[in-house]
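Trainee: File name work.csv; file contents CSV, C-alpha atoms; full text below.
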chain,number,residue,atom,x,y,z
A,14,MET,CA,4.4,34.9,6.4
A,15,THR,CA,2.1,36.4,3.8
A,16,ALA,CA,1.2,36.0,0.1
A,17,PRO,CA,-0.2,38.7,-2.3
A,18,LEU,CA,-3.9,38.6,-2.8
A,19,TYR,CA,-5.5,39.4,-6.2
A,20,ALA,CA,-9.0,40.0,-7.6
A,21,ALA,CA,-10.3,38.2,-10.7
A,22,ASP,CA,-9.4,41.2,-12.8
A,23,GLY,CA,-5.7,41.2,-11.7
A,24,THR,CA,-5.8,44.1,-9.3
A,25,ALA,CA,-3.8,43.7,-6.1
A,26,LYS,CA,-6.0,43.5,-2.9
A,27,GLY,CA,-3.2,43.4,-0.3
A,28,ASP,CA,-1.7,40.4,1.4
A,29,VAL,CA,-3.1,37.3,3.0
A,30,SER,CA,-1.5,35.5,5.9
A,31,LEU,CA,-0.2,31.9,5.5
A,32,ASP,CA,-0.2,29.2,8.1
A,33,ALA,CA,3.3,28.8,9.4
A,34,ALA,CA,2.7,25.1,10.1
A,35,ILE,CA,2.2,24.5,6.4
A,36,PHE,CA,4.1,27.3,4.6
A,37,GLY,CA,6.8,28.1,7.1
A,38,ILE,CA,8.7,24.9,8.1
A,39,GLU,CA,12.2,23.9,7.1
A,40,PRO,CA,12.0,21.9,3.9
A,41,ASN,CA,13.0,18.3,4.2
A,42,VAL,CA,14.8,17.6,0.9
A,43,SER,CA,15.3,13.8,1.5
A,44,VAL,CA,11.6,13.3,2.3
A,45,MET,CA,10.5,15.3,-0.7
A,46,HIS,CA,12.8,13.2,-2.9
A,47,GLN,CA,11.5,9.9,-1.6
A,48,VAL,CA,7.8,11.0,-2.0
A,49,VAL,CA,8.3,12.4,-5.5
A,50,THR,CA,10.1,9.2,-6.5
A,51,ALA,CA,7.2,7.1,-5.2
A,52,GLN,CA,4.7,9.3,-7.0
A,53,LEU,CA,6.5,9.0,-10.3
A,54,ALA,CA,7.0,5.2,-9.8
A,55,ALA,CA,3.2,4.8,-9.2
A,56,ALA,CA,2.5,6.6,-12.5
A,57,ARG,CA,4.5,4.0,-14.4
A,58,ALA,CA,2.3,1.5,-16.4
A,59,GLY,CA,4.7,-1.4,-15.9
A,60,THR,CA,3.3,-3.2,-19.0
A,61,HIS,CA,6.6,-3.9,-20.6
A,62,SER,CA,7.1,-7.6,-21.5
A,63,THR,CA,9.4,-9.9,-23.5
A,64,LYS,CA,9.1,-13.5,-24.4
A,65,THR,CA,11.5,-16.2,-23.1
A,66,ARG,CA,12.7,-19.1,-25.2
A,67,ALA,CA,9.7,-21.1,-23.8
A,68,GLU,CA,7.2,-18.5,-25.0
A,69,VAL,CA,8.5,-17.9,-28.5
A,70,ARG,CA,6.7,-19.8,-31.2
A,71,GLY,CA,8.6,-22.7,-32.8
A,72,GLY,CA,12.0,-24.2,-31.9
A,73,GLY,CA,10.7,-27.6,-30.7
A,74,ARG,CA,12.9,-29.6,-33.0
A,75,LYS,CA,16.6,-29.9,-32.8
A,76,PRO,CA,18.0,-28.0,-35.8
A,77,TRP,CA,20.7,-30.6,-36.6
A,78,ARG,CA,22.2,-33.7,-35.1
A,79,GLN,CA,24.5,-33.4,-32.2
A,80,LYS,CA,27.7,-34.9,-33.7
A,81,GLY,CA,29.3,-35.5,-37.1
A,82,LEU,CA,28.7,-32.2,-38.9
A,83,GLY,CA,31.4,-30.1,-37.4
A,84,ARG,CA,28.9,-27.4,-36.4
A,85,ALA,CA,28.2,-26.0,-33.0
A,86,ARG,CA,25.8,-27.9,-30.8
A,87,HIS,CA,22.3,-26.4,-30.7
A,88,GLY,CA,19.0,-27.8,-29.3
A,89,SER,CA,16.6,-25.1,-30.5
A,90,ILE,CA,16.4,-22.2,-32.9
A,91,ARG,CA,14.7,-20.2,-30.3
A,92,SER,CA,17.7,-20.0,-28.0
A,93,PRO,CA,18.5,-16.4,-26.8
A,94,SER,CA,21.7,-16.6,-28.9
A,95,TRP,CA,19.7,-17.1,-32.1
A,96,THR,CA,18.1,-14.3,-34.1
A,97,GLY,CA,14.4,-14.5,-33.5
A,98,GLY,CA,14.9,-16.4,-30.3
A,99,GLY,CA,13.7,-15.6,-26.8
A,100,VAL,CA,15.1,-12.9,-24.5
A,101,ALA,CA,17.2,-13.8,-21.6
A,102,HIS,CA,16.4,-12.0,-18.4
A,103,GLY,CA,14.1,-9.5,-20.2
A,104,PRO,CA,11.5,-7.3,-18.6
A,105,LYS,CA,8.2,-8.6,-17.4
A,106,PRO,CA,5.0,-6.8,-16.4
A,107,ARG,CA,5.4,-5.6,-12.8
A,108,ASP,CA,4.0,-3.1,-10.3
A,109,TYR,CA,6.3,-0.2,-9.6
A,110,SER,CA,4.2,1.4,-6.8
A,111,GLN,CA,5.8,2.0,-3.5
A,112,ARG,CA,4.1,2.2,-0.1
A,113,THR,CA,4.6,5.7,1.3
A,114,PRO,CA,3.4,6.5,4.9
A,115,LYS,CA,0.7,9.2,5.1
A,116,LYS,CA,2.7,11.4,7.4
A,117,MET,CA,5.7,11.3,5.1
A,118,LYS,CA,3.5,12.5,2.2
A,119,GLN,CA,2.1,15.3,4.3
A,120,LEU,CA,5.6,16.3,5.4
A,121,ALA,CA,6.8,16.4,1.8
A,122,LEU,CA,3.9,18.5,0.8
A,123,ARG,CA,4.5,21.0,3.6
A,124,SER,CA,8.1,21.1,2.7
A,125,ALA,CA,7.4,21.8,-1.0
A,126,LEU,CA,4.9,24.6,-0.1
A,127,SER,CA,7.3,26.1,2.4
A,128,ALA,CA,10.0,26.1,-0.2
A,129,ARG,CA,7.7,28.0,-2.7
A,130,ALA,CA,6.6,30.4,0.0
A,131,ALA,CA,10.2,31.1,1.0
A,132,ASP,CA,10.9,32.0,-2.6
A,133,GLY,CA,7.8,34.3,-2.7
A,134,GLN,CA,6.1,32.1,-5.3
A,135,ILE,CA,2.7,31.7,-3.6
A,136,ARG,CA,-0.3,33.7,-5.0
A,137,VAL,CA,-3.9,33.9,-3.9
A,138,VAL,CA,-6.9,34.8,-6.0
A,139,GLU,CA,-10.2,35.8,-4.4
A,140,ALA,CA,-12.3,33.8,-6.9
A,141,PHE,CA,-12.7,33.3,-10.6
A,142,ASP,CA,-16.1,35.0,-10.5
A,143,TRP,CA,-16.5,35.7,-14.2
A,144,ASP,CA,-19.8,35.3,-16.1
A,145,GLY,CA,-18.4,32.2,-17.9
A,146,PRO,CA,-15.2,30.5,-18.9
A,147,LYS,CA,-12.8,33.2,-20.1
A,148,THR,CA,-9.4,31.9,-21.2
A,149,ARG,CA,-8.1,35.3,-22.2
A,150,LYS,CA,-9.0,36.8,-18.8
A,151,ALA,CA,-7.3,33.8,-17.1
A,152,ALA,CA,-4.1,34.4,-19.1
A,153,ASP,CA,-4.2,38.1,-18.3
A,154,LEU,CA,-4.7,37.4,-14.6
A,155,LEU,CA,-1.7,35.0,-14.5
A,156,LYS,CA,0.4,37.6,-16.3
A,157,ALA,CA,-0.6,40.4,-13.9
A,158,MET,CA,0.4,38.2,-11.0
A,159,GLU,CA,3.9,37.6,-12.6
A,160,SER,CA,3.4,33.9,-12.1
A,161,GLY,CA,6.3,32.7,-14.4
A,162,SER,CA,6.4,30.2,-17.1
A,163,LYS,CA,5.0,27.2,-15.2
A,164,VAL,CA,2.0,27.6,-13.0
A,165,LEU,CA,0.1,25.3,-10.7
A,166,VAL,CA,-3.5,26.6,-10.0
A,167,VAL,CA,-5.3,24.9,-7.2
A,168,VAL,CA,-9.0,25.2,-7.7
A,169,ASP,CA,-12.1,23.4,-6.5
A,170,ARG,CA,-13.1,20.6,-8.8
A,171,THR,CA,-16.7,21.9,-8.9
A,172,ASP,CA,-15.5,25.3,-10.1
A,173,THR,CA,-16.5,25.0,-13.7
A,174,VAL,CA,-15.6,28.5,-14.7
A,175,ALA,CA,-12.0,28.2,-13.4
A,176,ASN,CA,-11.4,24.8,-14.8
A,177,ARG,CA,-12.6,25.6,-18.3
A,178,SER,CA,-10.8,29.0,-18.3
A,179,LEU,CA,-7.4,27.5,-17.4
A,180,ARG,CA,-7.4,24.1,-19.0
A,181,ASN,CA,-6.2,25.3,-22.5
A,182,LEU,CA,-3.3,27.4,-21.2
A,183,GLU,CA,0.2,26.1,-21.9
A,184,ASN,CA,2.3,25.0,-18.9
A,185,VAL,CA,-0.6,25.5,-16.5
A,186,ILE,CA,-1.8,22.6,-14.3
A,187,VAL,CA,-5.3,22.8,-12.8
A,188,ASN,CA,-5.6,20.5,-9.9
A,189,GLY,CA,-8.2,20.0,-7.2
A,190,GLN,CA,-5.7,18.3,-4.8
A,191,VAL,CA,-2.2,19.3,-4.1
A,192,ASN,CA,0.8,16.9,-4.4
A,193,PRO,CA,4.5,17.5,-3.9
A,194,TYR,CA,5.5,16.8,-7.5
A,195,ASP,CA,3.2,19.4,-9.0
A,196,VAL,CA,4.3,22.0,-6.4
A,197,LEU,CA,8.0,21.4,-7.1
A,198,TRP,CA,7.3,21.4,-10.9
A,199,ALA,CA,5.7,24.8,-10.9
A,200,ASP,CA,7.4,28.1,-10.6
A,201,THR,CA,4.4,29.6,-8.9
A,202,VAL,CA,1.5,28.1,-7.0
A,203,VAL,CA,-1.8,29.9,-7.2
A,204,PHE,CA,-4.6,29.3,-4.7
A,205,THR,CA,-8.1,30.6,-4.5
A,206,SER,CA,-9.3,31.8,-1.1
A,207,ALA,CA,-11.5,28.7,-0.8
A,208,THR,CA,-8.8,26.2,-1.7
A,209,LEU,CA,-6.3,28.0,0.6
A,210,ASP,CA,-8.7,27.7,3.5
A,211,ALA,CA,-9.3,24.0,2.6
A,212,VAL,CA,-5.5,23.2,2.5
A,213,THR,CA,-5.0,25.1,5.8
A,214,GLY,CA,-7.9,23.6,7.7
A,215,ALA,CA,-8.5,20.1,6.3
A,216,LYS,CA,-6.0,17.4,6.8
A,217,ASP,CA,-7.7,15.1,4.2
A,218,TYR,CA,-7.1,17.8,1.6
A,219,SER,CA,-3.4,17.8,2.1
A,220,VAL,CA,-2.3,15.1,-0.4
A,221,GLY,CA,-3.9,13.8,-3.5
A,222,ASP,CA,-4.3,10.1,-2.8
A,223,GLU,CA,-5.0,9.3,-6.4
A,224,ASP,CA,-1.3,9.9,-7.1
A,225,PHE,CA,-0.3,7.0,-4.9
A,226,VAL,CA,-1.5,3.5,-4.6
A,227,LYS,CA,-4.2,3.0,-2.0
A,228,GLU,CA,-4.2,0.0,0.3
A,229,ASP,CA,-7.4,-2.0,0.5
A,230,ALA,CA,-9.1,-1.4,3.8
A,231,GLY,CA,-10.8,-4.5,5.1
A,232,ARG,CA,-12.0,-7.5,3.3
A,233,GLN,CA,-13.4,-7.1,-0.2
A,234,SER,CA,-15.9,-9.4,-1.9
A,235,PRO,CA,-14.9,-11.1,-5.2
A,236,VAL,CA,-18.1,-9.8,-6.6
A,237,ALA,CA,-18.0,-6.0,-7.2
A,238,GLY,CA,-20.4,-4.1,-5.1
A,239,LYS,CA,-21.1,-6.8,-2.6
A,240,GLU,CA,-19.8,-7.0,0.9
A,241,VAL,CA,-18.5,-10.2,2.5
A,242,PRO,CA,-20.9,-11.3,5.1
A,243,SER,CA,-19.4,-11.7,8.5
A,244,SER,CA,-19.9,-14.9,10.5
A,245,PRO,CA,-22.7,-14.5,13.1
A,246,THR,CA,-21.6,-14.4,16.7
A,247,PRO,CA,-23.4,-16.8,19.0
A,248,ASP,CA,-25.9,-15.3,21.4
A,249,PRO,CA,-25.3,-16.6,24.9
A,250,SER,CA,-28.9,-15.9,25.9
A,251,GLU,CA,-30.1,-18.6,23.4
A,252,ASP,CA,-30.5,-22.1,24.7
A,253,SER,CA,-28.2,-24.6,23.0
A,254,GLU,CA,-28.4,-28.4,23.0
A,255,PRO,CA,-25.9,-29.8,25.5
A,256,THR,CA,-23.1,-31.8,24.1
A,257,ALA,CA,-22.1,-35.3,25.2
A,258,ASP,CA,-19.3,-34.0,27.4
A,259,SER,CA,-21.6,-31.6,29.2
A,260,ARG,CA,-24.4,-34.0,30.0
A,261,GLN,CA,-24.9,-34.9,33.6
A,262,PRO,CA,-24.5,-38.6,34.6
A,263,THR,CA,-27.8,-40.4,35.2
A,264,ALA,CA,-28.7,-43.1,37.8
A,265,ASP,CA,-28.3,-45.9,35.2
A,266,SER,CA,-24.7,-44.9,34.5
A,267,ASP,CA,-23.9,-44.9,38.2
A,268,GLU,CA,-25.2,-48.4,38.7
A,269,ALA,CA,-23.3,-49.7,35.7
A,270,ALA,CA,-20.1,-48.1,37.0
A,271,SER,CA,-20.5,-49.8,40.5
A,272,ALA,CA,-21.2,-53.2,38.9
A,273,ALA,CA,-18.0,-52.9,36.9
A,274,GLU,CA,-16.0,-52.2,40.0
A,275,GLU,CA,-17.5,-55.3,41.8
A,276,GLU,CA,-16.6,-57.6,38.9
A,277,SER,CA,-13.0,-56.3,38.9
A,278,THR,CA,-12.6,-57.1,42.5
I need this file expressed as structure tokens, please.

Mentor:
Amino acid sequence: MTAPLYAADGTAKGDVSLDAAIFGIEPNVSVMHQVVTAQLAAARAGTHSTKTRAEVRGGGRKPWRQKGLGRARHGSIRSPSWTGGGVAHGPKPRDYSQRTPKKMKQLALRSALSARAADGQIRVVEAFDWDGPKTRKAADLLKAMESGSKVLVVVDRTDTVANRSLRNLENVIVNGQVNPYDVLWADTVVFTSATLDAVTGAKDYSVGDEDFVKEDAGRQSPVAGKEVPSSPTPDPSEDSEPTADSRQPTADSDEAASAAEEEST
């Protein structure tokens, strides 16, 4: 499987071969759906909140007496049935993130890239080797590649020229790491020669971990920047004071034991 290769000025340079293990597998639609759902869920703020009848200000006094007025019985003006009262079963702040296995995220990314490669929507640029940031040249390059209306350009984060040239273009995402959602959102995925080699050769480059919730590895100190000291392991070579159970019986203890036996007889 191949993809067209272009120079920075938009001229075609031939084709570049794509790794079949990444760009040539059978797309797994169910895994892509699960991973994209988890990615969108992790992006939710989860800050929605409502007040219950206990949290609304006021309503501590019974509005009127229980009997004798012919009115309905009420104990508080902050009941959910009252205007201005609390909300029954309302939303509270929560974390929507889902734990997604790393292999599943990698499979979803390979499936998304394979789907785009099968449609012929993978492009490769040698490098954005201009003298400085050129938005007009970047737009002309994408037009020459027939990239479509929505484009994902995968560039190195340290490539200042490429990032500044592409960041103001409409419907163009500039990303240093690839994730399944961006690949499926875009009509065309554009790599540079460097990022294509990185995606093909480095496993750690495969999925952008910032798009998912990371799990804490190991124990963390409550004070930022400090490690939790581990308990020292005893050194068997050091001499330790014998305990009461490990002390050897002395001659005085033997005599006392024999005397106790004679008295009992």

Trainee: So that I can check the surroundings of region 128-137 of chain A, please list as a PDB file with C-alpha atoms, keeping the file's coordinate frame every protein, DNA and RNA residue that reaches within 10 Å of it, counting only C-alpha atoms and ignoring chain neighbours fewer than 2 positions away.

Mentor:
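File produced: out-v5.pdb:
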ATOM      1  CA  MET A  14       4.400  34.900   6.400  1.00  0.00           C
ATOM      2  CA  THR A  15       2.100  36.400   3.800  1.00  0.00           C
ATOM      3  CA  ALA A  16       1.200  36.000   0.100  1.00  0.00           C
ATOM      4  CA  PRO A  17      -0.200  38.700  -2.300  1.00  0.00           C
ATOM      5  CA  LEU A  18      -3.900  38.600  -2.800  1.00  0.00           C
ATOM      6  CA  TYR A  19      -5.500  39.400  -6.200  1.00  0.00           C
ATOM      7  CA  ALA A  20      -9.000  40.000  -7.600  1.00  0.00           C
ATOM      8  CA  LYS A  26      -6.000  43.500  -2.900  1.00  0.00           C
ATOM      9  CA  ASP A  28      -1.700  40.400   1.400  1.00  0.00           C
ATOM     10  CA  VAL A  29      -3.100  37.300   3.000  1.00  0.00           C
ATOM     11  CA  LEU A  31      -0.200  31.900   5.500  1.00  0.00           C
ATOM     12  CA  ILE A  35       2.200  24.500   6.400  1.00  0.00           C
ATOM     13  CA  PHE A  36       4.100  27.300   4.600  1.00  0.00           C
ATOM     14  CA  GLY A  37       6.800  28.100   7.100  1.00  0.00           C
ATOM     15  CA  ILE A  38       8.700  24.900   8.100  1.00  0.00           C
ATOM     16  CA  GLU A  39      12.200  23.900   7.100  1.00  0.00           C
ATOM     17  CA  PRO A  40      12.000  21.900   3.900  1.00  0.00           C
ATOM     18  CA  ASN A  41      13.000  18.300   4.200  1.00  0.00           C
ATOM     19  CA  VAL A  42      14.800  17.600   0.900  1.00  0.00           C
ATOM     20  CA  LEU A 122       3.900  18.500   0.800  1.00  0.00           C
ATOM     21  CA  ARG A 123       4.500  21.000   3.600  1.00  0.00           C
ATOM     22  CA  SER A 124       8.100  21.100   2.700  1.00  0.00           C
ATOM     23  CA  ALA A 125       7.400  21.800  -1.000  1.00  0.00           C
ATOM     24  CA  LEU A 126       4.900  24.600  -0.100  1.00  0.00           C
ATOM     25  CA  GLU A 139     -10.200  35.800  -4.400  1.00  0.00           C
ATOM     26  CA  ALA A 140     -12.300  33.800  -6.900  1.00  0.00           C
ATOM     27  CA  LEU A 155      -1.700  35.000 -14.500  1.00  0.00           C
ATOM     28  CA  MET A 158       0.400  38.200 -11.000  1.00  0.00           C
ATOM     29  CA  GLU A 159       3.900  37.600 -12.600  1.00  0.00           C
ATOM     30  CA  SER A 160       3.400  33.900 -12.100  1.00  0.00           C
ATOM     31  CA  GLY A 161       6.300  32.700 -14.400  1.00  0.00           C
ATOM     32  CA  VAL A 164       2.000  27.600 -13.000  1.00  0.00           C
ATOM     33  CA  LEU A 165       0.100  25.300 -10.700  1.00  0.00           C
ATOM     34  CA  VAL A 166      -3.500  26.600 -10.000  1.00  0.00           C
ATOM     35  CA  VAL A 167      -5.300  24.900  -7.200  1.00  0.00           C
ATOM     36  CA  VAL A 196       4.300  22.000  -6.400  1.00  0.00           C
ATOM     37  CA  LEU A 197       8.000  21.400  -7.100  1.00  0.00           C
ATOM     38  CA  ALA A 199       5.700  24.800 -10.900  1.00  0.00           C
ATOM     39  CA  ASP A 200       7.400  28.100 -10.600  1.00  0.00           C
ATOM     40  CA  THR A 201       4.400  29.600  -8.900  1.00  0.00           C
ATOM     41  CA  VAL A 202       1.500  28.100  -7.000  1.00  0.00           C
ATOM     42  CA  VAL A 203      -1.800  29.900  -7.200  1.00  0.00           C
ATOM     43  CA  PHE A 204      -4.600  29.300  -4.700  1.00  0.00           C
ATOM     44  CA  THR A 205      -8.100  30.600  -4.500  1.00  0.00           C
ATOM     45  CA  SER A 206      -9.300  31.800  -1.100  1.00  0.00           C
ATOM     46  CA  ALA A 207     -11.500  28.700  -0.800  1.00  0.00           C
ATOM     47  CA  THR A 208      -8.800  26.200  -1.700  1.00  0.00           C
ATOM     48  CA  LEU A 209      -6.300  28.000   0.600  1.00  0.00           C
TER      49      LEU A 209
END

Trainee: Figure out the distance between CA of Ala25 (chain A) and CA of Ile186 (chain A), please, to one decimal in Å.

Mentor: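 Interatomic distance here is 22.7 Å.
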
Trainee: May I ask which of the residues A:Gly83, A:Gly71, A:Pro76, A:Pro114 is the closest one to Gly99 (chain A), counting only C-alpha atoms?

Mentor: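 For Gly99 (chain A), the nearest of the candidates is A:Gly71.
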
Trainee: Report the distance between CA of Lys116 (chain A) and CA of Val168 (chain A) in Å, rounded to one decimal place.

Mentor: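 For CA of Lys116 (chain A) relative to CA of Val168 (chain A), the distance reads 23.6 Å.
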
Trainee: Find the spatial neighbours of region 101-110 of chain A, counting only C-alpha atoms, within a cut-off of 7 Å - ignore same-chain residues fewer than 3 positions away - and output them as a list in words.

Mentor: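 With the cut-off at 7 Å, the set is Ala51, Ala54, Ala55, Arg57, Gly59, Thr60, His61, Ser62, Thr63, Thr65, Pro93 and Val226 of chain A.
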
Trainee: Do you have the CA of Val44 (chain A)-CA of Lys115 (chain A) distance handy?

Mentor: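 Pair CA of Val44 (chain A) / CA of Lys115 (chain A) returns 12.0 Å.
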
Trainee: Tell me which protein, DNA and RNA residues are within 10 Å of Leu154 (chain A), counting only C-alpha atoms, leaving out same-chain ones fewer than 2 positions away, and put them as a list in words.

Mentor: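 After dropping sequence-adjacent residues, the list is Tyr19, Ala20, Ala21, Asp22, Gly23, Thr24, Val138, Phe141, Thr148, Arg149, Lys150, Ala151, Ala152, Lys156, Ala157, Met158, Glu159 and Ser160 of chain A.
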
Trainee: Using all atoms listed in the file, which of the listed residues (A:Gln47, A:Val174, A:Lys163, A:Asp169) sits closest to Asn188 (chain A)?

Mentor: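 The shortest atom-to-atom distance to Asn188 (chain A) comes from A:Asp169.
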
Trainee: Around all the atoms of region 189-205 of chain A listed in the file, draw an axis-aligned box and extend it by 3 Å on each of the six sides; I want its centre and edge lengths in Å to one decimal, as AutoDock Vina command-line options.

Mentor:
--center_x -0.1 --center_y 23.7 --center_z -7.4 --size_x 22.2 --size_y 19.8 --size_z 13.0
